[in-house]
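Undergrad: If you scroll down you'll find the structure; I have some questions about it.
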Amino acid sequence: MITFVLRLFFILLVSILTISQSQAEIFYLKDGAVIVGQIDSYSQGIYIITTNFGQINLEKSLVKEIKNINTLPAPDIPVTKQASTITPKTPINPKQTSELLFRVHGSNTIGSSLMPELVTDYLVRLGAKNINKIQGNNAEESTISAFLPNHSEPVGIEIYAHGSSTGFKDLLSKKTDIAMASRAIKNKEVNKLRPDYGDLRTERNEHVLALDGLAIIIHPSNNISSLTKKEMRDIFTGKINNWSQVGEHKAMINVYARDDKSGTYDTFKSLVLGKIPLTYSAKRYESNAELSDDVAKDPNGIGFTGLPYIRQSKALSVTDGGVSIPPTKFTVATEDYSLSRRLYLYAPQDKLSSHAQGFIEYALSKEGQAIVDKIGFVSLSVGIGITKIASPNVSKRYTKLTSNAERLNTTFRFRSGSSNLDSRGFKDLSRLASYIKDNGYIYRKLLLLGFTDNVGDKNINLKLSENRAASVTKALRRDGISKIGVYGFGEENPIVGNETNAGKEKNRRVEAWLEK
């Protein structure tokens with residue numbers, strides 16, 4: 001505690017302090033003393049302040065009010081610096097933050113850069129000041145700390161990014177409020193969490209935050225431009241171990257892969273490896289960025305990573321079912337690219353605090369999706385993209401219908417064997433309706449083209465594809481979109497092979513096109 005003598009000392013000297021005005025705060029103490037200085041940090045009720053006479057510790061209980069020397073905000077706002085993510089000079093222990101608004105654990109893909117940016121922007125929109133990113137015990141753990149209006153002590157939002165599976169484990173052990181995942185939740189995880197949270201796969205609890213392409217990357221000097229999924233599987237399982245086996249120079253292939261805890265690896269395993277184990281010689285990584293940087297340094301290297309982490313490496317097109325599709329924002333947004341994936345937030349609605357619920361609503365809003373784009377992932381925002389992707393499987397009827405139309409990047413997908421939209425599709429309805437209205441496209445005809453996988457009778461699948469397009473139409477008409485054409489194609493025009501569950505899911509779809 002500052003003694004009475006020390007307080008008098010500050011009264012005498014305050015007039016000659018010369019702390020930079022742009023950073024200075026004026027502390028009015030309850031006994032009438034005044035201190036001018038810069039706040040370095042705050043923890044456990046103690047302000048750490050730099051003055052012209054050195055650094056002091058000031059108890060919050062002694063402070064009547066704090067004002068910025070320039071802007072003089074309301075007395076109950078303790079910090080007035082411009083909101084930004086910075087590292088404080090004297091780091092605050094995250095455990096000393098007076099209140100955690102909520103905790104977000106799981107996917108490194110989401111947690112390494114996207115989540116900190118979303119959290120920071122969310123706090124800025126709440127009017128927060130002095131926003132600091134406080135590093136935890138390792139690079140995958142951090143707390144975003146800030147002062148909210150009318151709060152004299154800091155609040156925090158905890159981000160742990162150790163992999164998708166850890167998010168579900170921490171939900172089970174009550175260590176997190178929201179789970180980040182770069183893959184869909186598994187049945188066994190749903191069943192373990194059901195007693196506490198109900199079914200986390202419902203649209204109330206499962207939220208598609210963004211889209212990502214799982215890029216296959218090689219050294220920039222490598223001449224290969226595309227691989228089939230079989231070739232990729234054979235390389236990453238060790239069956240193909242020399243570049244000459246896929247038409248490149250003679251050299252041993254060096255494989256780079258994410259670690260077992262990663263949702264990126266789970267997705268790659270599901271989409272590419274299947275039940276065949278990864279080659280024992282693969283170098284494993286917890287970080288997407290580190291993996292990509294090492295591939296870019298190795299002329300004989302090949303790896304897989306998220307779309308924003310291609311960096312200095314070269315991304316390959318993927319051939320699946322006769323169609324070679326590159327990992328672009330449009331092909332990822334439509335989910336036509338066979339190695340595209342969804343990034344999820346799983347949040348049990350009945351258990352969420354108001355701040356956690358508010359954050360999810362923000363993250364799915366236009367403002368939150370703008371951050372998704374800024375970081376390099378693919379947002380859920382609706383837009384017009386390329387007219388078509390070349391494919392030998394496209395029918396004449398399909399070609400005729402779309403010849404004078406532009407394809408939208410929103411594609412509706414369904415749960416297996418039904419006309420029920422999945423969690424993304426449910427929310428995409430309002431996004432599409434808003435896009436058409438906001439851009440003056442209300443008088444352009446919207447074409448909804450339905451498709452199925454190849455499971456079951458062809459005639460039944462044709463009817464199912466029409467029903468799927470009709471169900472989307474019905475929902476859009478409730479939102480004021482009336483000029484719609486409905487068409488069913490059954491199991492025609494598969495964008496990927498139907499050999500895997502992931503392939504079937506991609507082929508169960510309704511494409512959206514706007515006539516010119």
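How things are named: the first chain in the structure tokens is A, the next is B, and so on; residues count from 1 in each chain; ligands count from 1 in the order shown.
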As a VMD selection string, please: the residues near stretch 357-365 of chain A (cut-off 7 Å, only C-alpha atoms, same-chain neighbours under 4 positions excluded).

TA: chain A and resid 118 122 209 352 to 353 369

Undergrad: Output the selection as a short mmCIF file (atom, residue, chain, number, x, y, z; two decimals), in the first residue's frame - C-alpha atoms for each residue.

TA:
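Output saved as part31.cif:
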data_model
loop_
_atom_site.label_atom_id
_atom_site.label_comp_id
_atom_site.auth_asym_id
_atom_site.auth_seq_id
_atom_site.Cartn_x
_atom_site.Cartn_y
_atom_site.Cartn_z
CA LEU A 118 -12.50 -12.83 -33.74
CA TYR A 122 -15.78 -8.92 -30.51
CA LEU A 209 -17.84 -20.96 -38.60
CA LEU A 352 -23.88 -20.85 -22.57
CA SER A 353 -23.35 -17.54 -20.82
CA GLN A 369 -17.33 -13.38 -41.48
#

Undergrad: Neighbours of A:Lys230 within 9 Å (only C-alpha atoms; same-chain residues fewer than 5 positions away dropped), as JSON, numbers by chain?

TA: {"A": [235, 272, 320]}

Undergrad: Go ahead and dump the residues you just picked, all heavy atoms, as a CSV table (one decimal), in the first residue's frame.

TA:
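See again-v6.csv below for the written result:
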chain,number,residue,atom,x,y,z
A,235,ILE,N,1.2,-42.2,-51.7
A,235,ILE,CA,2.3,-41.5,-51.2
A,235,ILE,C,2.4,-41.4,-49.7
A,235,ILE,O,3.4,-41.7,-49.1
A,235,ILE,CB,2.4,-40.1,-51.9
A,235,ILE,CG1,2.7,-40.2,-53.4
A,235,ILE,CG2,3.4,-39.2,-51.2
A,235,ILE,CD1,2.6,-38.9,-54.1
A,272,VAL,N,-8.6,-39.1,-47.3
A,272,VAL,CA,-7.5,-39.7,-48.2
A,272,VAL,C,-7.1,-41.0,-47.7
A,272,VAL,O,-7.1,-42.0,-48.5
A,272,VAL,CB,-6.3,-38.7,-48.2
A,272,VAL,CG1,-5.2,-39.3,-49.1
A,272,VAL,CG2,-6.8,-37.3,-48.8
A,320,ASP,N,-10.6,-36.3,-58.6
A,320,ASP,CA,-11.4,-37.3,-57.9
A,320,ASP,C,-12.7,-37.5,-58.8
A,320,ASP,O,-13.5,-36.6,-59.0
A,320,ASP,CB,-11.8,-36.8,-56.5
A,320,ASP,CG,-12.5,-37.9,-55.7
A,320,ASP,OD1,-12.5,-39.1,-56.1
A,320,ASP,OD2,-13.1,-37.6,-54.7

Undergrad: Among stretch 123-252 of chain A, which residues carry a DSSP assignment of alpha helix (DSSP H), reported as a PDB file with C-alpha atoms, in the first residue's frame?

TA:
ATOM      1  CA  LEU A 123     -14.279  -7.124 -27.512  1.00  0.00           C
ATOM      2  CA  VAL A 124     -13.709  -3.962 -29.543  1.00  0.00           C
ATOM      3  CA  ARG A 125     -17.403  -3.962 -30.476  1.00  0.00           C
ATOM      4  CA  SER A 164     -10.038 -30.696 -32.297  1.00  0.00           C
ATOM      5  CA  SER A 165     -10.313 -33.765 -30.073  1.00  0.00           C
ATOM      6  CA  THR A 166      -9.142 -31.762 -27.040  1.00  0.00           C
ATOM      7  CA  GLY A 167     -12.089 -29.403 -27.448  1.00  0.00           C
ATOM      8  CA  PHE A 168     -14.584 -32.241 -26.998  1.00  0.00           C
ATOM      9  CA  LYS A 169     -12.585 -33.720 -24.129  1.00  0.00           C
ATOM     10  CA  ASP A 170     -12.594 -30.347 -22.383  1.00  0.00           C
ATOM     11  CA  LEU A 171     -16.356 -29.980 -22.907  1.00  0.00           C
ATOM     12  CA  LEU A 172     -16.748 -33.347 -21.198  1.00  0.00           C
ATOM     13  CA  ASN A 187     -20.541 -40.392 -33.063  1.00  0.00           C
ATOM     14  CA  LYS A 188     -18.586 -41.592 -30.037  1.00  0.00           C
ATOM     15  CA  GLU A 189     -17.999 -37.983 -28.955  1.00  0.00           C
ATOM     16  CA  VAL A 190     -21.700 -37.173 -29.373  1.00  0.00           C
ATOM     17  CA  ASN A 191     -22.631 -40.158 -27.210  1.00  0.00           C
ATOM     18  CA  LYS A 192     -20.157 -39.252 -24.449  1.00  0.00           C
ATOM     19  CA  LEU A 193     -21.388 -35.663 -24.313  1.00  0.00           C
ATOM     20  CA  ARG A 194     -25.102 -36.406 -24.724  1.00  0.00           C
ATOM     21  CA  PRO A 195     -25.887 -36.851 -20.983  1.00  0.00           C
ATOM     22  CA  ASP A 196     -24.635 -33.329 -20.226  1.00  0.00           C
ATOM     23  CA  TYR A 197     -25.380 -31.429 -23.424  1.00  0.00           C
ATOM     24  CA  LYS A 229      -6.664 -39.207 -54.504  1.00  0.00           C
ATOM     25  CA  LYS A 230      -5.293 -42.715 -55.013  1.00  0.00           C
ATOM     26  CA  GLU A 231      -1.830 -41.321 -55.764  1.00  0.00           C
ATOM     27  CA  MET A 232      -2.014 -39.162 -52.669  1.00  0.00           C
ATOM     28  CA  ARG A 233      -3.075 -42.137 -50.572  1.00  0.00           C
ATOM     29  CA  ASP A 234      -0.225 -44.239 -51.909  1.00  0.00           C
ATOM     30  CA  ILE A 235       2.331 -41.493 -51.234  1.00  0.00           C
ATOM     31  CA  PHE A 236       1.213 -40.764 -47.675  1.00  0.00           C
TER      32      PHE A 236
END

Undergrad: When distances are computed from only C-alpha atoms, which of A:Asp479, A:Asp293, A:Glu286, A:Glu466 shows the smallest separation from A:Ser434?

TA: A:Asp479

Undergrad: Please indicate the distance in Å from atom CA of A:Ala179 to atom CA of A:Thr202, rounded to one decimal place.

TA: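 Interatomic distance, atom CA of A:Ala179 to atom CA of A:Thr202: 14.7 Å.
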
Undergrad: Tell me, counting only C-alpha atoms, for each residue of stretch 325-432 of chain A within 9 Å of stretch 266-271 of chain A, which pair of atoms is nearest and how far apart they are in Å to one decimal, in rows ordered by chain and increasing number, as a Markdown table.

TA:
| residue | atom | partner | partner_atom | distance |
| --- | --- | --- | --- | --- |
| A:Ser338 | CA | A:Leu271 | CA | 8.1 |
| A:Leu339 | CA | A:Leu271 | CA | 6.9 |
| A:Arg341 | CA | A:Thr267 | CA | 7.7 |

Undergrad: Using all heavy atoms, can you export the residues from the last selection as a CSV table (one decimal), in the first residue's frame?

TA:
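Final file, out_16.csv:
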chain,number,residue,atom,x,y,z
A,338,SER,N,-12.7,-31.6,-53.5
A,338,SER,CA,-12.9,-32.9,-52.7
A,338,SER,C,-12.2,-32.8,-51.3
A,338,SER,O,-12.5,-33.6,-50.4
A,338,SER,CB,-12.4,-34.1,-53.5
A,338,SER,OG,-11.0,-34.0,-53.8
A,339,LEU,N,-11.2,-31.9,-51.2
A,339,LEU,CA,-10.5,-31.9,-49.9
A,339,LEU,C,-10.9,-30.6,-49.1
A,339,LEU,O,-10.2,-30.1,-48.3
A,339,LEU,CB,-9.0,-31.9,-50.0
A,339,LEU,CG,-8.5,-33.2,-50.7
A,339,LEU,CD1,-6.9,-33.2,-50.6
A,339,LEU,CD2,-9.0,-34.4,-50.0
A,341,ARG,N,-13.3,-28.6,-46.4
A,341,ARG,CA,-13.8,-29.0,-45.0
A,341,ARG,C,-14.4,-27.8,-44.3
A,341,ARG,O,-14.2,-26.7,-44.7
A,341,ARG,CB,-12.7,-29.6,-44.2
A,341,ARG,CG,-11.6,-28.6,-43.8
A,341,ARG,CD,-10.6,-29.1,-42.9
A,341,ARG,NE,-9.5,-28.2,-42.6
A,341,ARG,CZ,-8.5,-28.4,-41.8
A,341,ARG,NH1,-8.5,-29.5,-41.0
A,341,ARG,NH2,-7.6,-27.5,-41.6

Undergrad: Quick one: residues within 10 Å of A:Thr120, only C-alpha atoms counted, chain neighbours fewer than 2 positions away excluded, as number ranges by chain?

TA: A: 83-85, 115-118, 122-126, 128, 131-133, 144-146, 157

Undergrad: Pull all heavy atoms from the residues just selected and write them as a short mmCIF file (atom, residue, chain, number, x, y, z; two decimals), in the first residue's frame.

TA:
data_model
loop_
_atom_site.label_atom_id
_atom_site.label_comp_id
_atom_site.auth_asym_id
_atom_site.auth_seq_id
_atom_site.Cartn_x
_atom_site.Cartn_y
_atom_site.Cartn_z
N ALA A 83 -7.96 0.27 -28.93
CA ALA A 83 -8.07 -1.18 -28.80
C ALA A 83 -7.25 -1.86 -29.88
O ALA A 83 -7.38 -1.58 -31.05
CB ALA A 83 -9.53 -1.61 -28.91
N SER A 84 -6.41 -2.77 -29.47
CA SER A 84 -5.64 -3.58 -30.41
C SER A 84 -5.06 -4.75 -29.66
O SER A 84 -4.97 -4.73 -28.44
CB SER A 84 -4.50 -2.77 -31.05
OG SER A 84 -3.62 -2.32 -30.06
N THR A 85 -4.69 -5.79 -30.39
CA THR A 85 -4.08 -6.94 -29.76
C THR A 85 -2.59 -6.69 -29.60
O THR A 85 -1.87 -6.63 -30.59
CB THR A 85 -4.30 -8.20 -30.61
OG1 THR A 85 -5.69 -8.37 -30.81
CG2 THR A 85 -3.75 -9.43 -29.90
N MET A 115 -9.33 -17.41 -34.25
CA MET A 115 -10.06 -17.17 -33.01
C MET A 115 -9.55 -15.94 -32.25
O MET A 115 -10.36 -15.13 -31.78
CB MET A 115 -10.02 -18.42 -32.12
CG MET A 115 -10.89 -18.32 -30.87
SD MET A 115 -12.63 -17.89 -31.20
CE MET A 115 -13.18 -19.29 -32.16
N PRO A 116 -8.23 -15.75 -32.11
CA PRO A 116 -7.78 -14.52 -31.44
C PRO A 116 -8.27 -13.25 -32.13
O PRO A 116 -8.63 -12.27 -31.46
CB PRO A 116 -6.25 -14.63 -31.50
CG PRO A 116 -5.98 -16.09 -31.55
CD PRO A 116 -7.09 -16.66 -32.38
N GLU A 117 -8.31 -13.24 -33.45
CA GLU A 117 -8.80 -12.06 -34.18
C GLU A 117 -10.30 -11.85 -33.96
O GLU A 117 -10.76 -10.72 -33.79
CB GLU A 117 -8.50 -12.20 -35.67
CG GLU A 117 -7.04 -12.02 -36.03
CD GLU A 117 -6.58 -10.58 -35.89
OE1 GLU A 117 -7.42 -9.66 -36.01
OE2 GLU A 117 -5.39 -10.37 -35.64
N LEU A 118 -11.07 -12.94 -33.98
CA LEU A 118 -12.50 -12.83 -33.74
C LEU A 118 -12.79 -12.33 -32.33
O LEU A 118 -13.63 -11.45 -32.12
CB LEU A 118 -13.18 -14.19 -33.95
CG LEU A 118 -13.37 -14.66 -35.39
CD1 LEU A 118 -13.85 -16.10 -35.42
CD2 LEU A 118 -14.35 -13.76 -36.14
N TYR A 122 -14.59 -8.84 -31.35
CA TYR A 122 -15.78 -8.92 -30.51
C TYR A 122 -15.66 -7.98 -29.31
O TYR A 122 -16.58 -7.23 -28.99
CB TYR A 122 -15.99 -10.36 -30.05
CG TYR A 122 -17.07 -10.55 -29.01
CD1 TYR A 122 -18.41 -10.42 -29.34
CD2 TYR A 122 -16.74 -10.87 -27.70
CE1 TYR A 122 -19.41 -10.59 -28.39
CE2 TYR A 122 -17.74 -11.06 -26.73
CZ TYR A 122 -19.06 -10.91 -27.09
OH TYR A 122 -20.05 -11.08 -26.14
N LEU A 123 -14.49 -7.99 -28.67
CA LEU A 123 -14.28 -7.12 -27.51
C LEU A 123 -14.29 -5.65 -27.91
O LEU A 123 -14.82 -4.80 -27.19
CB LEU A 123 -12.96 -7.49 -26.83
CG LEU A 123 -12.94 -8.84 -26.09
CD1 LEU A 123 -11.52 -9.20 -25.67
CD2 LEU A 123 -13.86 -8.80 -24.87
N VAL A 124 -13.69 -5.35 -29.05
CA VAL A 124 -13.71 -3.96 -29.54
C VAL A 124 -15.15 -3.49 -29.71
O VAL A 124 -15.50 -2.36 -29.34
CB VAL A 124 -12.94 -3.85 -30.88
CG1 VAL A 124 -13.20 -2.49 -31.53
CG2 VAL A 124 -11.46 -4.03 -30.65
N ARG A 125 -16.01 -4.33 -30.24
CA ARG A 125 -17.40 -3.96 -30.48
C ARG A 125 -18.19 -3.83 -29.18
O ARG A 125 -19.26 -3.22 -29.16
CB ARG A 125 -18.06 -4.97 -31.42
CG ARG A 125 -17.49 -4.90 -32.82
CD ARG A 125 -17.99 -5.99 -33.76
NE ARG A 125 -17.27 -5.94 -35.01
CZ ARG A 125 -17.56 -5.10 -36.01
NH1 ARG A 125 -18.59 -4.28 -35.89
NH2 ARG A 125 -16.85 -5.11 -37.12
N LEU A 126 -17.66 -4.39 -28.11
CA LEU A 126 -18.26 -4.19 -26.79
C LEU A 126 -17.75 -2.92 -26.13
O LEU A 126 -18.18 -2.57 -25.02
CB LEU A 126 -17.94 -5.39 -25.88
CG LEU A 126 -18.56 -6.73 -26.24
CD1 LEU A 126 -18.16 -7.78 -25.22
CD2 LEU A 126 -20.08 -6.65 -26.33
N ALA A 128 -14.45 -2.41 -25.46
CA ALA A 128 -13.32 -2.74 -24.60
C ALA A 128 -12.10 -1.90 -24.92
O ALA A 128 -11.89 -1.45 -26.05
CB ALA A 128 -12.98 -4.22 -24.72
N ILE A 131 -6.76 -3.97 -24.88
CA ILE A 131 -6.91 -5.39 -25.21
C ILE A 131 -5.53 -5.99 -25.40
O ILE A 131 -4.75 -5.54 -26.22
CB ILE A 131 -7.76 -5.57 -26.48
CG1 ILE A 131 -9.14 -4.92 -26.30
CG2 ILE A 131 -7.90 -7.05 -26.81
CD1 ILE A 131 -10.00 -4.95 -27.53
N ASN A 132 -5.23 -7.02 -24.62
CA ASN A 132 -3.91 -7.65 -24.63
C ASN A 132 -4.02 -9.14 -24.89
O ASN A 132 -4.91 -9.81 -24.36
CB ASN A 132 -3.21 -7.46 -23.26
CG ASN A 132 -3.02 -6.01 -22.91
OD1 ASN A 132 -2.45 -5.25 -23.68
ND2 ASN A 132 -3.52 -5.62 -21.75
N LYS A 133 -3.12 -9.66 -25.72
CA LYS A 133 -3.01 -11.10 -25.89
C LYS A 133 -1.92 -11.59 -24.95
O LYS A 133 -0.75 -11.26 -25.11
CB LYS A 133 -2.67 -11.48 -27.33
CG LYS A 133 -2.58 -12.98 -27.55
CD LYS A 133 -2.29 -13.33 -29.00
CE LYS A 133 -2.20 -14.84 -29.19
NZ LYS A 133 -1.90 -15.21 -30.60
N ILE A 144 -7.09 -13.57 -24.08
CA ILE A 144 -7.27 -12.20 -24.53
C ILE A 144 -7.88 -11.43 -23.37
O ILE A 144 -8.99 -11.73 -22.93
CB ILE A 144 -8.18 -12.11 -25.77
CG1 ILE A 144 -7.71 -13.07 -26.87
CG2 ILE A 144 -8.23 -10.68 -26.27
CD1 ILE A 144 -6.33 -12.79 -27.40
N SER A 145 -7.12 -10.45 -22.85
CA SER A 145 -7.54 -9.69 -21.67
C SER A 145 -7.92 -8.28 -22.08
O SER A 145 -7.36 -7.71 -23.02
CB SER A 145 -6.39 -9.65 -20.66
OG SER A 145 -6.72 -8.85 -19.54
N ALA A 146 -8.91 -7.70 -21.39
CA ALA A 146 -9.37 -6.35 -21.74
C ALA A 146 -10.15 -5.74 -20.59
O ALA A 146 -10.58 -6.44 -19.66
CB ALA A 146 -10.25 -6.41 -22.99
N ILE A 157 -10.85 -13.85 -22.17
CA ILE A 157 -11.42 -14.95 -22.95
C ILE A 157 -10.28 -15.91 -23.23
O ILE A 157 -9.27 -15.54 -23.83
CB ILE A 157 -12.05 -14.44 -24.25
CG1 ILE A 157 -13.23 -13.51 -23.93
CG2 ILE A 157 -12.52 -15.62 -25.11
CD1 ILE A 157 -13.84 -12.84 -25.14
#

Undergrad: Might you pull out every residue within 12 Å of A:Tyr280, with only C-alpha atoms counted and same-chain residues fewer than 5 positions away left off, and present them as an MDAnalysis selection string?

TA: chainID A and resid 235:239 241 254:257

Undergrad: Work out how far atom CA of A:Ala475 is from atom CA of A:Val510, in Å to one decimal.

TA: 13.3 Å

Undergrad: Using DSSP on the backbone coordinates, identify all residues within stretch 303-441 of chain A classified as strand (DSSP E); present the result as a list in words.

TA: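 Selection result, strand (DSSP E) within stretch 303-441 of chain A: Gly303, Phe304, Thr305, Gly306, Lys314, Ala315, Ser317, Val318, Thr319, Asp320, Val323, Ser324, Ile325, Ser340, Arg341, Arg342, Leu343, Tyr344, Leu345, Tyr346, Ala405, Glu406, Arg407, Leu408, Asn409, Thr410, Thr411, Phe412 and Arg413 of chain A.
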
Undergrad: For those residues, write N, CA, C and O atoms to a file as a CSV table (one decimal), in the first residue's frame.

TA:
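To be explicit, this is the file written out as again27.csv:
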chain,number,residue,atom,x,y,z
A,303,GLY,N,3.3,-32.5,-48.2
A,303,GLY,CA,2.5,-32.4,-47.0
A,303,GLY,C,1.1,-32.0,-47.2
A,303,GLY,O,0.7,-31.8,-48.3
A,304,PHE,N,0.4,-31.9,-46.1
A,304,PHE,CA,-1.0,-31.3,-46.2
A,304,PHE,C,-1.2,-30.3,-45.1
A,304,PHE,O,-0.7,-30.4,-44.0
A,305,THR,N,-2.0,-29.3,-45.4
A,305,THR,CA,-2.3,-28.2,-44.5
A,305,THR,C,-3.5,-27.5,-44.8
A,305,THR,O,-4.2,-27.8,-45.9
A,306,GLY,N,-4.0,-26.6,-44.0
A,306,GLY,CA,-5.1,-25.8,-44.3
A,306,GLY,C,-4.9,-24.7,-45.3
A,306,GLY,O,-3.7,-24.3,-45.5
A,314,LYS,N,3.7,-24.9,-52.8
A,314,LYS,CA,2.9,-25.0,-54.0
A,314,LYS,C,1.8,-25.9,-53.8
A,314,LYS,O,2.0,-27.1,-53.3
A,315,ALA,N,0.5,-25.5,-54.0
A,315,ALA,CA,-0.7,-26.3,-53.8
A,315,ALA,C,-1.0,-27.1,-55.1
A,315,ALA,O,-1.0,-26.5,-56.2
A,317,SER,N,-3.7,-29.4,-57.5
A,317,SER,CA,-5.1,-29.7,-57.8
A,317,SER,C,-5.3,-31.2,-57.5
A,317,SER,O,-4.4,-32.0,-57.5
A,318,VAL,N,-6.6,-31.5,-57.2
A,318,VAL,CA,-6.9,-32.9,-56.8
A,318,VAL,C,-7.9,-33.5,-57.8
A,318,VAL,O,-8.9,-32.8,-58.1
A,319,THR,N,-7.6,-34.6,-58.3
A,319,THR,CA,-8.5,-35.3,-59.2
A,319,THR,C,-9.3,-36.4,-58.5
A,319,THR,O,-8.7,-37.3,-57.9
A,320,ASP,N,-10.6,-36.3,-58.6
A,320,ASP,CA,-11.4,-37.3,-57.9
A,320,ASP,C,-12.7,-37.5,-58.8
A,320,ASP,O,-13.5,-36.6,-59.0
A,323,VAL,N,-12.5,-35.4,-62.3
A,323,VAL,CA,-12.5,-33.9,-62.3
A,323,VAL,C,-11.3,-33.4,-61.5
A,323,VAL,O,-11.1,-33.8,-60.4
A,324,SER,N,-10.5,-32.6,-62.2
A,324,SER,CA,-9.3,-32.0,-61.5
A,324,SER,C,-9.7,-30.6,-61.0
A,324,SER,O,-9.9,-29.7,-61.8
A,325,ILE,N,-9.7,-30.5,-59.7
A,325,ILE,CA,-10.2,-29.2,-59.1
A,325,ILE,C,-9.1,-28.6,-58.2
A,325,ILE,O,-8.7,-29.3,-57.3
A,340,SER,N,-12.1,-30.1,-49.4
A,340,SER,CA,-12.6,-28.9,-48.6
A,340,SER,C,-13.2,-29.4,-47.3
A,340,SER,O,-13.6,-30.6,-47.2
A,341,ARG,N,-13.3,-28.6,-46.4
A,341,ARG,CA,-13.8,-29.0,-45.0
A,341,ARG,C,-14.4,-27.8,-44.3
A,341,ARG,O,-14.2,-26.7,-44.7
A,342,ARG,N,-15.2,-28.1,-43.4
A,342,ARG,CA,-15.9,-27.1,-42.5
A,342,ARG,C,-15.2,-27.0,-41.2
A,342,ARG,O,-14.6,-27.9,-40.7
A,343,LEU,N,-15.1,-25.7,-40.7
A,343,LEU,CA,-14.6,-25.4,-39.4
A,343,LEU,C,-15.8,-25.1,-38.5
A,343,LEU,O,-16.6,-24.3,-38.8
A,344,TYR,N,-15.8,-25.8,-37.4
A,344,TYR,CA,-17.0,-25.8,-36.5
A,344,TYR,C,-16.8,-25.1,-35.2
A,344,TYR,O,-15.6,-25.2,-34.6
A,345,LEU,N,-17.8,-24.6,-34.6
A,345,LEU,CA,-17.9,-24.3,-33.2
A,345,LEU,C,-19.1,-25.1,-32.6
A,345,LEU,O,-20.2,-25.1,-33.2
A,346,TYR,N,-18.8,-25.9,-31.6
A,346,TYR,CA,-19.8,-26.7,-30.9
A,346,TYR,C,-20.0,-26.0,-29.6
A,346,TYR,O,-19.1,-25.9,-28.7
A,405,ALA,N,-26.7,-18.7,-66.9
A,405,ALA,CA,-26.8,-18.4,-65.5
A,405,ALA,C,-25.4,-18.3,-64.9
A,405,ALA,O,-24.4,-18.8,-65.4
A,406,GLU,N,-25.4,-17.7,-63.7
A,406,GLU,CA,-24.2,-17.6,-62.9
A,406,GLU,C,-24.4,-18.4,-61.6
A,406,GLU,O,-25.4,-18.3,-60.9
A,407,ARG,N,-23.4,-19.2,-61.3
A,407,ARG,CA,-23.5,-20.0,-60.1
A,407,ARG,C,-23.1,-19.2,-58.8
A,407,ARG,O,-22.1,-18.4,-58.8
A,408,LEU,N,-23.9,-19.4,-57.8
A,408,LEU,CA,-23.6,-18.8,-56.5
A,408,LEU,C,-22.7,-19.8,-55.7
A,408,LEU,O,-22.7,-21.0,-55.9
A,409,ASN,N,-22.0,-19.2,-54.8
A,409,ASN,CA,-21.0,-20.1,-54.0
A,409,ASN,C,-21.7,-20.8,-52.8
A,409,ASN,O,-21.0,-21.4,-52.0
A,410,THR,N,-23.0,-20.6,-52.7
A,410,THR,CA,-23.7,-21.3,-51.7
A,410,THR,C,-24.3,-22.6,-52.2
A,410,THR,O,-25.1,-22.5,-53.2
A,411,THR,N,-24.0,-23.7,-51.6
A,411,THR,CA,-24.5,-25.0,-52.1
A,411,THR,C,-25.2,-25.7,-50.8
A,411,THR,O,-24.5,-25.8,-49.8
A,412,PHE,N,-26.4,-26.0,-50.9
A,412,PHE,CA,-27.1,-26.7,-49.8
A,412,PHE,C,-26.9,-28.2,-49.8
A,412,PHE,O,-26.9,-28.8,-50.8
A,413,ARG,N,-26.6,-28.6,-48.6
A,413,ARG,CA,-26.4,-30.1,-48.4
A,413,ARG,C,-27.3,-30.6,-47.3
A,413,ARG,O,-27.8,-29.9,-46.5

Undergrad: Please provide the set of residues having any atom within 8 Å of A:Gly163, restricted to only C-alpha atoms, with same-chain residues fewer than 4 positions apart removed, written as a list in words.

TA: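 After dropping sequence-adjacent residues, the list is Gly106, Ser107, Asn108, Thr109, Gly167, Ala181, Lys261, Ser262 and Gly263 of chain A.
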